[in-house]
Amino acid sequence: MSEIFDLLLLVLLITTALCVIRTKDLLAAAVIFSTYSLIMCLVWQMRGAPDVALTEAAVGAGVTTVLFLVTISRTVRREK
Amino acid sequence: MKRIAVIAVLVAAFVPLAAAVAQLPTFGEASNPTNTYLVPRYLQKGPEEAGAANVVTDVILNYRGYDTNGEVVVIFTALIAALATLLVRPKQMAATPPGDDAPRSPIVSFVVKAIAPFIAVFTVYLVLHGHLSPGGGFQGGTIFGALIILLSLTLGHKYGLSLLPERSRPWLQAAAVLAFIAVGLLGWALCGAYLAYPSYSQLEWVREGWLIALEIGIGVGGAAIFATVFWTMEAEP
């Protein structure tokens, strides 16, 4: 059961990573990237690293996303 | 011609690197040096030798204390770089960004006000309990920084900035570096080496106190740095 969940997480991880690269709308890309961080956080937790999972959730899904959004609000929203 | 030269350089760099990687021990092999004595030593003797029940904290603050010291300096340098390149004055930080005069949603500000105390208590728990359970200064500090950013976004920058008074702000931003220097020099004076901890069982509470001082320093410094980077990027140029 655990292996199936792991596999599902990894597939989702790769899918979100590809979506971030392919999305032209930077706002959408930032949101998808925060989803990537949340899935990564679950992966860390499944691998038995709760310390890293906490950091990933706080930095990856929280602060980095806000900084990306601030940058987008200061520049342009669409990739040329 | 130029392309062939580039390919040649890349191949010349790749071949020795690949050869070196091929000689590394297989990842996760039970006979690797990390698995034969390093990890068992940390797991068996960590709490006793380094003073924290959470082995991750033992490694971060004691066994690999110099690495963490370096990381803390790197994060502080990143803040200095952000402040130096964006050139924002403290007054500009407090000003509300353009488009911010739109009425805020009462639902959002109510929910943020309702959950903020719980987030704050959770960060204190993470920082102070970091040597017993997963968590610690970095995690707690980042979540507290995120809380300050959340309050600045929903209730206005002045509200968030009031949490870091202007006069003490530089000291708070440098808290992690200062805590490491203080504990490191104390270790040098009392135990003979930079960042050395007392190992005597009678001085257990001293070691505990140093660990907690480092955790608090990392937490306060991390939160202040994250919040300042956010304000610097949001400020009107």
# chains A, B, ... in the order shown; residues from 1 in each chain; ligands from 1
call {"tool": "interface_residues", "arguments": {"of": "chain A", "to": "chain B", "cutoff": "6 Å", "atoms": "only C-alpha atoms", "output": "list in words"}}
result
Asp51, Thr55, Ala58 and Val63 of chain A
call {"tool": "select_by_dssp", "arguments": {"residues": "chain A", "states": "helix (DSSP H, G or I)", "output": "ChimeraX atom specification"}}
result
/A:2-22,26-46,50-74
call {"tool": "atom_distance", "arguments": {"atom1": "CA of Ala174 (chain B)", "atom2": "CA of Asn69 (chain B)"}}
result
12.3 Å
call {"tool": "closest_residue", "arguments": {"among": "A:Glu79, A:Arg74, A:Ser37, A:Val66", "to": "Asp25 (chain A)", "atoms": "only C-alpha atoms"}}
result
A:Glu79
call {"tool": "residues_around", "arguments": {"residues": "Leu190 (chain B)", "least_positions_apart": "6", "cutoff": "12 Å", "atoms": "only C-alpha atoms", "output": "short mmCIF file (atom, residue, chain, number, x, y, z; two decimals) with N, CA, C and O atoms, in the first residue's frame"}}
result
data_model
loop_
_atom_site.label_atom_id
_atom_site.label_comp_id
_atom_site.auth_asym_id
_atom_site.auth_seq_id
_atom_site.Cartn_x
_atom_site.Cartn_y
_atom_site.Cartn_z
N VAL B 183 27.76 31.64 21.23
CA VAL B 183 27.92 30.28 21.73
C VAL B 183 29.28 29.72 21.32
O VAL B 183 29.95 29.04 22.10
N GLY B 184 29.70 30.04 20.08
CA GLY B 184 30.99 29.56 19.61
C GLY B 184 32.12 30.08 20.47
O GLY B 184 33.01 29.32 20.89
N ALA B 196 32.51 24.35 20.70
CA ALA B 196 32.57 23.11 21.46
C ALA B 196 31.57 23.20 22.61
O ALA B 196 31.30 24.27 23.13
N TYR B 197 31.00 22.04 22.97
CA TYR B 197 30.01 22.02 24.04
C TYR B 197 30.62 21.32 25.25
O TYR B 197 31.46 20.43 25.10
N PRO B 198 30.22 21.72 26.47
CA PRO B 198 30.69 20.99 27.66
C PRO B 198 30.17 19.56 27.62
O PRO B 198 29.01 19.33 27.28
N SER B 199 31.04 18.60 27.92
CA SER B 199 30.62 17.21 27.81
C SER B 199 30.38 16.57 29.17
O SER B 199 29.90 15.45 29.25
N LEU B 203 27.37 19.37 33.72
CA LEU B 203 27.06 20.62 33.03
C LEU B 203 25.99 20.42 31.96
O LEU B 203 25.92 21.16 31.00
N VAL B 206 23.93 23.43 31.11
CA VAL B 206 24.62 24.48 30.33
C VAL B 206 24.50 24.16 28.85
O VAL B 206 24.13 25.02 28.03
N ARG B 207 24.76 22.87 28.51
CA ARG B 207 24.70 22.46 27.11
C ARG B 207 23.29 22.67 26.57
O ARG B 207 23.09 23.20 25.48
#
call {"tool": "residues_around", "arguments": {"residues": "Leu8 (chain A)", "least_positions_apart": "5", "cutoff": "12 Å", "atoms": "only C-alpha atoms", "output": "number ranges by chain"}}
result
A: 1-3, 13-15, 39-40, 42-43
call {"tool": "write_last_selection", "arguments": {"atoms": "N, CA, C and O atoms", "output": "compact mmCIF listing (two decimals), in the first residue's frame"}}
result
# COMPACT_ATOMS: atom_id res chain seq x y z
N MET A 1 0.84 -1.20 0.00
CA MET A 1 0.00 0.00 0.00
C MET A 1 0.88 1.25 0.00
O MET A 1 0.67 2.17 -0.78
N SER A 2 1.89 1.22 0.89
CA SER A 2 2.77 2.37 1.00
C SER A 2 3.50 2.63 -0.31
O SER A 2 3.71 3.78 -0.69
N GLU A 3 3.87 1.52 -1.01
CA GLU A 3 4.60 1.69 -2.27
C GLU A 3 3.72 2.33 -3.34
O GLU A 3 4.18 3.16 -4.12
N LEU A 13 4.39 14.39 -8.65
CA LEU A 13 5.52 15.31 -8.55
C LEU A 13 6.05 15.66 -9.93
O LEU A 13 6.22 16.84 -10.28
N ILE A 14 6.27 14.60 -10.75
CA ILE A 14 6.81 14.83 -12.10
C ILE A 14 5.80 15.59 -12.94
O ILE A 14 6.15 16.52 -13.69
N THR A 15 4.50 15.22 -12.79
CA THR A 15 3.47 15.92 -13.58
C THR A 15 3.44 17.40 -13.25
O THR A 15 3.45 18.25 -14.15
N ILE A 39 3.46 18.37 -2.43
CA ILE A 39 3.64 16.94 -2.71
C ILE A 39 5.03 16.50 -2.23
O ILE A 39 5.20 15.45 -1.62
N MET A 40 6.03 17.37 -2.51
CA MET A 40 7.40 17.07 -2.06
C MET A 40 7.43 16.92 -0.54
O MET A 40 8.11 16.04 0.01
N LEU A 42 5.00 15.84 1.34
CA LEU A 42 4.46 14.51 1.67
C LEU A 42 5.51 13.43 1.42
O LEU A 42 5.62 12.48 2.20
N VAL A 43 6.28 13.60 0.31
CA VAL A 43 7.32 12.61 0.01
C VAL A 43 8.34 12.55 1.14
O VAL A 43 8.73 11.48 1.62
call {"tool": "closest_residue", "arguments": {"among": "A:Leu26, A:Val70, A:Gln45, A:Thr35", "to": "Asp6 (chain A)", "atoms": "only C-alpha atoms"}}
result
A:Gln45
call {"tool": "atom_distance", "arguments": {"atom1": "CA of Ala30 (chain B)", "atom2": "CA of Tyr42 (chain B)"}}
result
16.1 Å
call {"tool": "closest_residue", "arguments": {"among": "A:Leu38, A:Ala57, A:Met46, A:Ile32", "to": "Leu7 (chain A)", "atoms": "only C-alpha atoms"}}
result
A:Met46
